[in-house]
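Structure file protein-v1.cif with mmCIF, C-alpha atoms:
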```cif
data_model
#
loop_
_atom_site.label_atom_id
_atom_site.label_comp_id
_atom_site.auth_asym_id
_atom_site.auth_seq_id
_atom_site.Cartn_x
_atom_site.Cartn_y
_atom_site.Cartn_z
CA MET A 1 1.41 25.54 16.91
CA ALA A 2 -1.53 23.36 16.04
CA LYS A 3 -1.03 20.44 13.69
CA PHE A 4 -2.82 19.18 10.61
CA TYR A 5 -3.04 15.41 10.14
CA GLY A 6 -4.01 13.45 7.06
CA VAL A 7 -5.22 10.07 8.28
CA GLY A 8 -5.71 7.06 6.03
CA VAL A 9 -8.46 4.85 7.45
CA GLY A 10 -7.97 1.93 5.06
CA PRO A 11 -10.41 0.46 2.56
CA GLY A 12 -13.47 -0.34 4.69
CA ASP A 13 -12.80 -2.92 7.41
CA ARG A 14 -12.48 -1.02 10.70
CA LYS A 15 -9.83 -3.47 11.87
CA LEU A 16 -7.56 -2.31 9.04
CA LEU A 17 -6.96 1.04 10.71
CA THR A 18 -3.44 1.36 12.09
CA LEU A 19 -2.77 1.90 15.79
CA LYS A 20 -1.39 5.31 14.84
CA ALA A 21 -4.59 6.32 13.00
CA VAL A 22 -6.64 5.35 16.06
CA GLU A 23 -4.30 7.34 18.32
CA ILE A 24 -4.66 10.48 16.16
CA LEU A 25 -8.46 10.15 15.85
CA ASN A 26 -8.60 9.83 19.63
CA LYS A 27 -6.56 12.90 20.41
CA VAL A 28 -7.30 15.64 17.85
CA ASP A 29 -9.74 18.48 18.58
CA VAL A 30 -11.49 18.29 15.23
CA VAL A 31 -11.95 15.52 12.67
CA LEU A 32 -12.84 16.67 9.17
CA ALA A 33 -14.82 14.42 6.87
CA PRO A 34 -16.28 15.14 3.47
CA SER A 35 -20.06 14.95 3.71
CA LYS A 36 -20.62 13.00 0.49
CA GLY A 37 -19.19 10.13 -1.57
CA GLU A 38 -15.93 8.49 -0.53
CA GLY A 39 -15.49 10.93 2.35
CA SER A 40 -18.68 9.80 4.02
CA ILE A 41 -17.38 6.22 3.82
CA ALA A 42 -14.21 7.40 5.57
CA TYR A 43 -16.38 8.83 8.35
CA PHE A 44 -18.35 5.60 8.64
CA ILE A 45 -15.08 3.65 9.08
CA ALA A 46 -13.49 6.11 11.53
CA LYS A 47 -16.59 6.91 13.61
CA PRO A 48 -16.02 4.58 16.60
CA TYR A 49 -12.51 6.00 17.14
CA ILE A 50 -13.36 9.73 17.04
CA LYS A 51 -13.43 11.52 20.40
CA GLY A 52 -13.48 15.21 19.38
CA GLU A 53 -15.73 17.38 17.24
CA VAL A 54 -16.63 16.28 13.70
CA VAL A 55 -16.90 18.89 10.96
CA PHE A 56 -18.31 17.86 7.60
CA LEU A 57 -16.88 19.54 4.54
CA ASP A 58 -18.98 19.90 1.45
CA PHE A 59 -17.33 18.91 -1.84
CA PRO A 60 -19.19 19.06 -5.11
CA MET A 61 -19.36 15.75 -7.00
CA THR A 62 -18.33 17.28 -10.29
CA TYR A 63 -15.61 17.20 -12.93
CA ASP A 64 -15.98 21.02 -13.32
CA THR A 65 -12.43 21.92 -12.21
CA LYS A 66 -13.21 25.60 -11.60
CA ARG A 67 -16.08 24.73 -9.22
CA LEU A 68 -13.93 22.06 -7.53
CA LYS A 69 -11.00 24.43 -7.05
CA ASP A 70 -13.19 27.16 -5.51
CA LYS A 71 -14.70 24.66 -3.10
CA TRP A 72 -11.30 23.24 -2.12
CA GLU A 73 -9.98 26.73 -1.45
CA GLU A 74 -13.02 27.48 0.71
CA ASN A 75 -12.49 24.22 2.65
CA ALA A 76 -8.76 24.90 3.06
CA GLU A 77 -9.62 28.33 4.45
CA LYS A 78 -11.87 26.70 7.09
CA ILE A 79 -9.00 24.41 8.08
CA ARG A 80 -6.55 27.33 8.30
CA GLU A 81 -8.98 29.11 10.66
CA LEU A 82 -9.17 26.02 12.91
CA LEU A 83 -5.37 25.65 12.99
CA MET A 84 -4.82 29.38 13.66
CA GLY A 85 -7.31 29.01 16.52
CA GLY A 86 -4.95 26.42 18.06
CA LYS A 87 -6.97 23.34 17.21
CA ASP A 88 -5.34 20.08 16.06
CA VAL A 89 -7.22 18.90 13.01
CA ALA A 90 -7.34 15.51 11.23
CA PHE A 91 -8.69 15.06 7.72
CA ILE A 92 -9.76 11.45 7.13
CA THR A 93 -9.55 9.65 3.83
CA ILE A 94 -10.25 6.06 2.74
CA GLY A 95 -7.29 3.90 1.73
CA ASP A 96 -3.90 5.62 1.73
CA PRO A 97 -3.74 9.44 1.79
CA MET A 98 -0.96 9.61 -0.82
CA ILE A 99 -2.67 7.36 -3.36
CA TYR A 100 -5.64 8.94 -5.22
CA SER A 101 -6.96 10.88 -2.25
CA THR A 102 -8.56 14.33 -2.06
CA TYR A 103 -6.21 15.00 0.86
CA ILE A 104 -3.49 15.71 -1.72
CA TYR A 105 -5.23 18.96 -2.74
CA LEU A 106 -5.46 20.09 0.89
CA LEU A 107 -1.76 19.34 1.44
CA ARG A 108 -0.87 21.92 -1.20
CA GLU A 109 -3.28 24.53 0.13
CA LEU A 110 -1.91 24.19 3.66
CA GLU A 111 1.79 24.64 2.94
CA GLY A 112 3.52 26.38 5.84
CA PHE A 113 1.50 24.62 8.53
CA GLU A 114 2.84 21.63 10.45
CA ILE A 115 1.50 18.57 8.64
CA GLU A 116 1.74 14.85 9.40
CA THR A 117 0.44 12.15 7.08
CA ILE A 118 -0.55 8.76 8.48
CA PRO A 119 -0.39 6.07 5.80
CA GLY A 120 -3.31 3.67 5.36
CA ILE A 121 -3.94 0.26 3.84
CA SER A 122 -4.63 0.84 0.16
CA SER A 123 -7.66 -0.77 -1.46
CA TYR A 124 -5.49 -2.90 -3.75
CA SER A 125 -3.38 -4.26 -0.85
CA ALA A 126 -6.59 -5.28 0.90
CA ALA A 127 -8.00 -6.82 -2.28
CA ALA A 128 -4.80 -8.80 -2.96
CA ALA A 129 -4.84 -10.10 0.63
CA SER A 130 -8.47 -11.04 0.39
CA PHE A 131 -7.82 -13.00 -2.84
CA ASN A 132 -4.59 -14.46 -1.36
CA LEU A 133 -3.17 -13.15 -4.63
CA PRO A 134 0.47 -11.98 -4.73
CA ILE A 135 0.98 -8.60 -6.43
CA ALA A 136 4.73 -8.88 -7.05
CA GLU A 137 7.71 -10.92 -5.89
CA GLY A 138 11.44 -11.01 -6.46
CA ARG A 139 12.43 -8.69 -9.29
CA GLN A 140 8.93 -8.27 -10.74
CA ASN A 141 7.43 -4.83 -11.27
CA PHE A 142 3.81 -3.75 -11.13
CA ALA A 143 1.74 -0.79 -12.26
CA VAL A 144 -1.23 0.95 -10.66
CA VAL A 145 -3.46 2.54 -13.27
CA SER A 146 -6.18 5.15 -12.97
CA SER A 147 -5.99 6.40 -16.56
CA ASP A 148 -9.02 6.02 -18.82
CA ASP A 149 -6.99 6.35 -22.01
CA PRO A 150 -7.14 2.94 -23.78
CA GLU A 151 -3.85 3.54 -25.64
CA GLU A 152 -2.03 4.33 -22.42
CA ILE A 153 -3.50 1.29 -20.66
CA GLU A 154 -2.47 -0.88 -23.62
CA LYS A 155 1.16 0.28 -23.39
CA ILE A 156 1.22 -0.50 -19.69
CA LEU A 157 -0.24 -3.99 -20.24
CA GLU A 158 2.58 -4.62 -22.70
CA LEU A 159 5.27 -3.74 -20.16
CA PHE A 160 4.03 -5.40 -16.92
CA ASP A 161 2.87 -8.85 -15.79
CA THR A 162 0.80 -7.43 -12.93
CA VAL A 163 -1.40 -4.38 -13.36
CA VAL A 164 -3.79 -2.96 -10.76
CA LEU A 165 -6.66 -1.07 -12.39
CA MET A 166 -8.36 1.39 -10.04
CA LYS A 167 -11.92 2.76 -10.24
CA VAL A 168 -12.80 0.56 -13.19
CA SER A 169 -16.50 1.52 -13.05
CA ARG A 170 -15.74 4.48 -15.35
CA ASN A 171 -14.55 2.38 -18.28
CA TYR A 172 -15.19 -1.25 -17.35
CA ASP A 173 -16.13 -2.64 -20.77
CA THR A 174 -13.05 -1.12 -22.45
CA ILE A 175 -10.77 -2.50 -19.73
CA ILE A 176 -12.19 -6.02 -19.99
CA LYS A 177 -11.60 -5.98 -23.74
CA LEU A 178 -8.01 -4.72 -23.33
CA LEU A 179 -7.21 -7.36 -20.70
CA LYS A 180 -8.56 -10.11 -22.94
CA ASP A 181 -6.64 -8.86 -25.98
CA LYS A 182 -3.39 -8.72 -24.02
CA GLY A 183 -3.76 -12.14 -22.36
CA PHE A 184 -4.49 -11.03 -18.80
CA VAL A 185 -6.66 -12.71 -16.19
CA GLY A 186 -8.44 -10.28 -13.88
CA ASN A 187 -9.57 -10.43 -10.28
CA LEU A 188 -12.38 -7.97 -9.61
CA ALA A 189 -12.95 -6.62 -6.10
CA ILE A 190 -16.01 -4.47 -5.45
CA LYS A 191 -16.14 -2.57 -2.13
CA CYS A 192 -13.33 -4.68 -0.70
CA GLY A 193 -13.34 -4.76 3.10
CA HIS A 194 -16.95 -3.56 3.32
CA GLU A 195 -19.74 -5.76 4.59
CA ASP A 196 -21.26 -6.00 1.12
CA GLU A 197 -18.00 -6.68 -0.72
CA LYS A 198 -17.97 -8.83 -3.86
CA LYS A 199 -15.04 -10.69 -5.38
CA THR A 200 -14.97 -12.54 -8.65
CA ARG A 201 -12.73 -13.83 -11.41
CA ASN A 202 -15.64 -13.90 -13.80
CA LEU A 203 -15.20 -10.40 -15.22
CA GLU A 204 -17.65 -10.90 -18.10
CA GLU A 205 -20.48 -11.06 -15.57
CA PHE A 206 -20.35 -7.29 -15.04
CA ILE A 207 -20.11 -6.12 -18.65
CA GLY A 208 -22.80 -3.53 -19.38
CA LYS A 209 -23.78 -3.34 -15.70
CA LYS A 210 -23.46 -0.45 -13.28
CA LEU A 211 -20.49 -1.07 -10.99
CA ASP A 212 -19.88 0.54 -7.61
CA TYR A 213 -17.33 3.40 -7.63
CA LEU A 214 -15.06 1.37 -5.30
CA SER A 215 -14.22 -1.35 -7.82
CA LEU A 216 -10.74 -2.43 -8.83
CA ILE A 217 -9.12 -5.21 -10.82
CA ILE A 218 -5.81 -6.95 -10.12
CA ALA A 219 -4.79 -8.31 -13.50
CA LYS A 220 -2.12 -10.97 -14.08
CA LYS A 221 -0.63 -11.92 -17.41
CA GLU A 222 -1.36 -15.55 -18.26
CA LYS A 223 1.80 -17.61 -18.66
CA MET B 1 -9.25 -26.96 11.24
CA ALA B 2 -6.33 -24.79 12.22
CA LYS B 3 -5.63 -21.65 10.24
CA PHE B 4 -2.53 -20.16 8.67
CA TYR B 5 -2.21 -16.37 8.73
CA GLY B 6 0.16 -14.15 6.79
CA VAL B 7 0.47 -10.95 8.78
CA GLY B 8 1.98 -7.74 7.40
CA VAL B 9 3.54 -5.77 10.25
CA GLY B 10 4.27 -2.61 8.22
CA PRO B 11 7.62 -0.96 7.49
CA GLY B 12 9.11 -0.47 10.96
CA ASP B 13 7.08 1.87 13.18
CA ARG B 14 5.16 -0.31 15.63
CA LYS B 15 2.21 2.08 15.50
CA LEU B 16 1.76 1.25 11.82
CA LEU B 17 0.47 -2.23 12.61
CA THR B 18 -3.24 -2.60 11.95
CA LEU B 19 -5.72 -3.46 14.71
CA LYS B 20 -6.30 -6.72 12.85
CA ALA B 21 -2.59 -7.63 12.84
CA VAL B 22 -2.44 -7.02 16.60
CA GLU B 23 -5.55 -9.15 17.12
CA ILE B 24 -4.05 -12.07 15.18
CA LEU B 25 -0.64 -11.82 16.90
CA ASN B 26 -2.47 -11.87 20.22
CA LYS B 27 -4.54 -14.94 19.52
CA VAL B 28 -2.53 -17.45 17.47
CA ASP B 29 -0.74 -20.39 19.09
CA VAL B 30 2.49 -19.96 17.16
CA VAL B 31 4.13 -16.97 15.48
CA LEU B 32 6.73 -17.80 12.83
CA ALA B 33 9.54 -15.39 12.10
CA PRO B 34 12.57 -15.83 9.88
CA SER B 35 15.68 -15.77 12.05
CA LYS B 36 17.77 -13.54 9.76
CA GLY B 37 17.51 -10.43 7.54
CA GLU B 38 14.14 -8.81 6.93
CA GLY B 39 12.36 -11.48 8.92
CA SER B 40 14.18 -10.63 12.10
CA ILE B 41 13.09 -7.01 11.60
CA ALA B 42 9.50 -8.26 11.35
CA TYR B 43 9.98 -10.01 14.70
CA PHE B 44 11.43 -6.86 16.28
CA ILE B 45 8.33 -4.89 15.15
CA ALA B 46 5.78 -7.52 16.18
CA LYS B 47 7.38 -8.62 19.46
CA PRO B 48 5.29 -6.57 21.95
CA TYR B 49 2.05 -7.93 20.47
CA ILE B 50 2.93 -11.64 20.47
CA LYS B 51 1.30 -13.77 23.19
CA GLY B 52 1.98 -17.33 22.01
CA GLU B 53 5.06 -19.34 21.13
CA VAL B 54 7.63 -17.94 18.69
CA VAL B 55 9.34 -20.29 16.24
CA PHE B 56 12.25 -18.98 14.20
CA LEU B 57 12.65 -20.33 10.70
CA ASP B 58 16.04 -20.46 9.08
CA PHE B 59 16.28 -19.10 5.54
CA PRO B 60 19.54 -19.01 3.67
CA MET B 61 20.56 -15.54 2.48
CA THR B 62 21.43 -16.72 -1.01
CA TYR B 63 20.44 -16.32 -4.64
CA ASP B 64 21.05 -20.08 -5.15
CA THR B 65 17.45 -20.97 -6.10
CA LYS B 66 17.92 -24.71 -5.53
CA ARG B 67 19.14 -24.15 -1.96
CA LEU B 68 16.35 -21.61 -1.37
CA LYS B 69 13.68 -23.92 -2.69
CA ASP B 70 14.81 -26.85 -0.51
CA LYS B 71 14.82 -24.64 2.56
CA TRP B 72 11.35 -23.24 1.78
CA GLU B 73 9.97 -26.74 1.36
CA GLU B 74 11.49 -27.76 4.67
CA ASN B 75 9.96 -24.70 6.37
CA ALA B 76 6.58 -25.29 4.73
CA GLU B 77 6.70 -28.86 6.05
CA LYS B 78 7.22 -27.55 9.61
CA ILE B 79 4.19 -25.28 9.19
CA ARG B 80 2.06 -28.15 7.85
CA GLU B 81 2.96 -30.20 10.93
CA LEU B 82 1.90 -27.36 13.25
CA LEU B 83 -1.41 -26.89 11.39
CA MET B 84 -2.13 -30.65 11.33
CA GLY B 85 -1.49 -30.61 15.07
CA GLY B 86 -4.37 -28.14 15.41
CA LYS B 87 -2.29 -25.03 16.02
CA ASP B 88 -3.17 -21.64 14.52
CA VAL B 89 -0.01 -20.23 13.00
CA ALA B 90 0.92 -16.70 11.87
CA PHE B 91 3.88 -15.94 9.62
CA ILE B 92 5.00 -12.32 10.00
CA THR B 93 6.47 -10.20 7.26
CA ILE B 94 7.54 -6.56 7.04
CA GLY B 95 5.47 -4.24 4.86
CA ASP B 96 2.61 -5.85 2.95
CA PRO B 97 2.53 -9.67 2.55
CA MET B 98 1.50 -9.50 -1.12
CA ILE B 99 4.24 -7.07 -2.19
CA TYR B 100 7.76 -8.56 -2.38
CA SER B 101 7.40 -10.80 0.64
CA THR B 102 8.77 -14.26 1.30
CA TYR B 103 5.27 -15.15 2.51
CA ILE B 104 4.28 -15.56 -1.15
CA TYR B 105 6.39 -18.75 -1.43
CA LEU B 106 4.75 -20.22 1.66
CA LEU B 107 1.27 -19.41 0.30
CA ARG B 108 1.95 -21.71 -2.66
CA GLU B 109 3.40 -24.49 -0.52
CA LEU B 110 0.39 -24.46 1.80
CA GLU B 111 -2.39 -24.74 -0.75
CA GLY B 112 -5.33 -26.68 0.64
CA PHE B 113 -5.03 -25.25 4.16
CA GLU B 114 -7.26 -22.43 5.38
CA ILE B 115 -5.24 -19.25 4.81
CA GLU B 116 -5.95 -15.61 5.70
CA THR B 117 -3.70 -12.76 4.65
CA ILE B 118 -3.67 -9.53 6.67
CA PRO B 119 -2.49 -6.59 4.56
CA GLY B 120 0.17 -4.26 5.93
CA ILE B 121 1.40 -0.72 5.28
CA SER B 122 3.91 -0.97 2.44
CA SER B 123 7.30 0.71 2.76
CA TYR B 124 6.57 3.11 -0.09
CA SER B 125 3.23 4.23 1.41
CA ALA B 126 5.04 4.99 4.65
CA ALA B 127 7.86 6.80 2.81
CA ALA B 128 5.42 8.92 0.79
CA ALA B 129 3.56 9.86 3.98
CA SER B 130 6.76 10.73 5.75
CA PHE B 131 7.83 13.00 2.84
CA ASN B 132 4.25 14.41 2.57
CA LEU B 133 4.75 13.45 -1.06
CA PRO B 134 1.73 12.38 -3.13
CA ILE B 135 2.25 9.20 -5.16
CA ALA B 136 -0.65 9.64 -7.59
CA GLU B 137 -3.84 11.63 -7.95
CA GLY B 138 -6.78 11.87 -10.34
CA ARG B 139 -6.07 9.86 -13.47
CA GLN B 140 -2.33 9.48 -12.96
CA ASN B 141 -0.68 6.06 -12.96
CA PHE B 142 2.38 4.88 -11.07
CA ALA B 143 4.81 1.99 -11.26
CA VAL B 144 6.57 0.02 -8.54
CA VAL B 145 9.88 -1.36 -9.77
CA SER B 146 12.11 -4.07 -8.36
CA SER B 147 13.86 -4.95 -11.65
CA ASP B 148 17.59 -4.44 -11.97
CA ASP B 149 17.51 -4.43 -15.77
CA PRO B 150 18.45 -0.86 -16.87
CA GLU B 151 16.61 -1.19 -20.20
CA GLU B 152 13.41 -2.24 -18.48
CA ILE B 153 13.69 0.58 -15.93
CA GLU B 154 14.28 3.05 -18.76
CA LYS B 155 11.08 1.98 -20.56
CA ILE B 156 9.09 2.39 -17.35
CA LEU B 157 10.53 5.88 -16.73
CA GLU B 158 9.35 6.83 -20.22
CA LEU B 159 5.77 5.76 -19.51
CA PHE B 160 5.13 7.08 -15.97
CA ASP B 161 5.44 10.38 -14.08
CA THR B 162 5.78 8.64 -10.72
CA VAL B 163 7.97 5.58 -10.24
CA VAL B 164 8.72 3.86 -6.94
CA LEU B 165 12.07 2.05 -7.03
CA MET B 166 12.37 -0.67 -4.39
CA LYS B 167 15.55 -2.08 -2.84
CA VAL B 168 17.79 0.37 -4.71
CA SER B 169 20.91 -0.70 -2.76
CA ARG B 170 21.52 -3.41 -5.40
CA ASN B 171 21.94 -1.02 -8.32
CA TYR B 172 21.91 2.49 -6.84
CA ASP B 173 24.44 4.17 -9.13
CA THR B 174 22.72 2.89 -12.30
CA ILE B 175 19.33 4.05 -11.03
CA ILE B 176 20.58 7.55 -10.17
CA LYS B 177 22.01 7.90 -13.69
CA LEU B 178 18.77 6.69 -15.31
CA LEU B 179 16.65 9.08 -13.22
CA LYS B 180 18.88 12.02 -14.16
CA ASP B 181 18.84 11.10 -17.86
CA LYS B 182 15.05 10.87 -17.89
CA GLY B 183 14.43 14.11 -15.96
CA PHE B 184 13.25 12.63 -12.66
CA VAL B 185 13.73 14.02 -9.15
CA GLY B 186 14.11 11.33 -6.50
CA ASN B 187 13.23 11.11 -2.84
CA LEU B 188 15.36 8.51 -1.06
CA ALA B 189 14.06 6.83 2.10
CA ILE B 190 16.41 4.53 4.03
CA LYS B 191 14.85 2.31 6.73
CA CYS B 192 11.65 4.36 6.69
CA GLY B 193 9.71 4.10 9.95
CA HIS B 194 12.72 2.76 11.88
CA GLU B 195 14.40 4.76 14.62
CA ASP B 196 17.49 5.29 12.46
CA GLU B 197 15.60 6.22 9.27
CA LYS B 198 17.16 8.67 6.81
CA LYS B 199 15.37 10.73 4.18
CA THR B 200 16.96 12.90 1.54
CA ARG B 201 16.42 14.51 -1.86
CA ASN B 202 20.16 14.72 -2.38
CA LEU B 203 20.59 11.40 -4.14
CA GLU B 204 24.17 12.11 -5.29
CA GLU B 205 25.28 11.92 -1.65
CA PHE B 206 24.98 8.14 -1.64
CA ILE B 207 26.66 7.32 -4.95
CA GLY B 208 29.40 4.75 -4.43
CA LYS B 209 28.36 4.18 -0.79
CA LYS B 210 26.92 1.07 0.82
CA LEU B 211 23.19 1.56 1.29
CA ASP B 212 20.96 -0.35 3.72
CA TYR B 213 18.87 -3.11 2.11
CA LEU B 214 15.66 -1.27 3.10
CA SER B 215 16.19 1.69 0.78
CA LEU B 216 13.70 2.98 -1.77
CA ILE B 217 13.25 5.97 -4.04
CA ILE B 218 10.01 7.72 -4.96
CA ALA B 219 10.85 9.43 -8.24
CA LYS B 220 8.79 12.20 -9.85
CA LYS B 221 9.21 13.50 -13.37
CA GLU B 222 10.17 17.17 -13.37
CA LYS B 223 7.59 19.32 -15.15
#
```
Before we go any further, please render this structure as C-alpha cells.
Amino acid sequence: MAKFYGVGVGPGDRKLLTLKAVEILNKVDVVLAPSKGEGSIAYFIAKPYIKGEVVFLDFPMTYDTKRLKDKWEENAEKIRELLMGGKDVAFITIGDPMIYSTYIYLLRELEGFEIETIPGISSYSAAAASFNLPIAEGRQNFAVVSSDDPEEIEKILELFDTVVLMKVSRNYDTIIKLLKDKGFVGNLAIKCGHEDEKKTRNLEEFIGKKLDYLSLIIAKKEK
Amino acid sequence: MAKFYGVGVGPGDRKLLTLKAVEILNKVDVVLAPSKGEGSIAYFIAKPYIKGEVVFLDFPMTYDTKRLKDKWEENAEKIRELLMGGKDVAFITIGDPMIYSTYIYLLRELEGFEIETIPGISSYSAAAASFNLPIAEGRQNFAVVSSDDPEEIEKILELFDTVVLMKVSRNYDTIIKLLKDKGFVGNLAIKCGHEDEKKTRNLEEFIGKKLDYLSLIIAKKEK
C-alpha cells in the first residue's frame, strides 16, 4: 500500500531540514505543496531536494470555515486518489507538522491510510537558537501561545516566565502592551531563517506597522 | 577567532539530525560530549558524523548545585582554552539546545566568544510525529512542563487543552493522578526515536514502575 508522509521542512533555512526529510523528498512519487501563502514558502525551502512530481494544492486564504472545509475535503480527495493509485505522497509544511500546520487537517481526512509524520525544526526553536536565547532549563515551564484573546494571554503571562507568542502580526500592539504590563522583555523574530530575516529586542519599533505573517516573540519575565 | 557551536542532535534517530548539524560535526576541530547520562546518548547519535577529535567532559550526576557549578566552570575553562588555541569547538546535546539542555549553562560561561547555536528536533516534536498526534492548531495554545510542583502543574492543566510533560520519571504517579483528575488523556513516549522506544496510551501500566529518564507525556484534554 502506498504511504502518505507529512514532512516538516523547518522555518526557512534549507540546512535546517533533517536527513530524514531529505530522504523522503528524494524518494516519494509526488510532493504536494500549497500554491499560496506559507505552503509556497515550504515549496521554496524543499525545492532542491524534490525528485518526483510536484502537485500544487489550492487553499483559500480565508477565515470562512465552510469554504475552508470544502476545499480541504477536495484536496484530501485528490490525495486519496493518488494513494489508491499506488503513489507515495509527501505533503510539505514549514516548521513542525504537529505545531500549527495545515497538515493536521489532512491527517484527519486521511484516517485509514498508512501515514508517517516527519518532525521539523519549529520556528521558535530556530529563533531561540538565532538569539542564543534559552527557552527553558531545569524545572522551568514554558507556554506557546497562538490565542488572540487578551484575557487568556494575560493569564498565561501570570503563570510562566517564558512565553512564546506565535503569529504576532494579527494583534501586535495588544501583545506589546500586555508584555509591558506584566514585566516581560520580548525578542521579536521576523521570518527567522529566511534571507531577509529581522531580529530585534526593540519591540516598540514595530507598533502600528504591518508585520510579516511569520513573526514571533520569545518573551522572558524580567527578574 | 575560533567559534563555539551548540549543536542539537535531536531525540535519538540519527536521521533526525539537520543538514546543518551534520555540516558542523564534519568541520569542527573538536566535538565535546558529556561522558555520562544524556550527553553520552548525544555522542552515540552524533558519532557517525564526527570527523575531528572527541573530548569527553565529566559532569557529576547530582542535584548538589555547588558541585555542579564548580564542574561547569571547570568544563567552561577547558572550552575557553580550546577556543583561545584557535580550535573550532562543538558541544553536542540531545533534542534542542535551547530547551532543557546543559548547553545553556555553557552559553553563559562563554560570553564574549563567537557562539552559534544549531537548533535540533525536540523530543516532544518527535513524539507527537510518531503518535501522529497534533500538538496545537489554529489559535490553540500549549504548555511544556518540567516542574515537579503538583499545584503548579494543576494550574497549567486548568489553562491549556494540550500539555507536554517532560521527564515524567521523577514524579510519574503524581502526574497520572493529576491528569485523571483534570480530564486529560495522556500519550506516553519512552526513549522516542531510539531503537528501544516504547509508546502507549495506557498510562496506568507504568504506575509504581521505574521509568527511563527520557520519558514524556503529551496530554490532551478530553472533550
- Message: the PyMOL selection byres ((chain A) within 7 of (chain B)) - which residues does that actually catch in the file I just gave you? List them as number ranges by chain.
- Response: A: 15-20, 98-101, 104, 117-121, 125-126, 128-130, 132-147
- Task: Give as a count of residues only each residue that has an atom at most 6 Å from (-15.6, 16.5, 9.9) in the file, counting all atoms listed in the file.
- Result: 6
- Message: Excluding B:Ile190 and its own-chain neighbours fewer than 5 positions away, which residues fall within 10 Å of it when counting only C-alpha atoms? Please give them as number ranges by chain.
- Response: B: 123, 127, 167-169, 196-200, 211-217
- Query: Between atom CA of B:Leu157 and atom CA of B:Lys221, what is the spacing in Å?
  - Reply: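 Taking atom CA of B:Lys221 as the start and atom CA of B:Leu157 as the end point, the length is 8.4 Å.
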- Separation of atom CA of B:Ala90 from atom CA of B:Pro11 in Å: 17.7 Å
- One decimal, Å: what's the distance from atom CA of A:Glu114 over to atom CA of A:Arg80, could you say?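 Here the two named atoms are 11.2 Å from each other.
The result of the PyMOL selection byres ((chain A and resi 182) around 10) on the shown file is A:Glu154, A:Leu157, A:Glu158, A:Lys177, A:Leu178, A:Leu179, A:Lys180, A:Asp181, A:Gly183, A:Phe184, A:Val185, A:Lys221, A:Glu222.
Of the residues listed (B:His194, B:Lys69, B:Lys3, B:Lys51), B:Lys3 shows the shortest atom-to-atom separation from B:Val89; distances use all atoms listed in the file.
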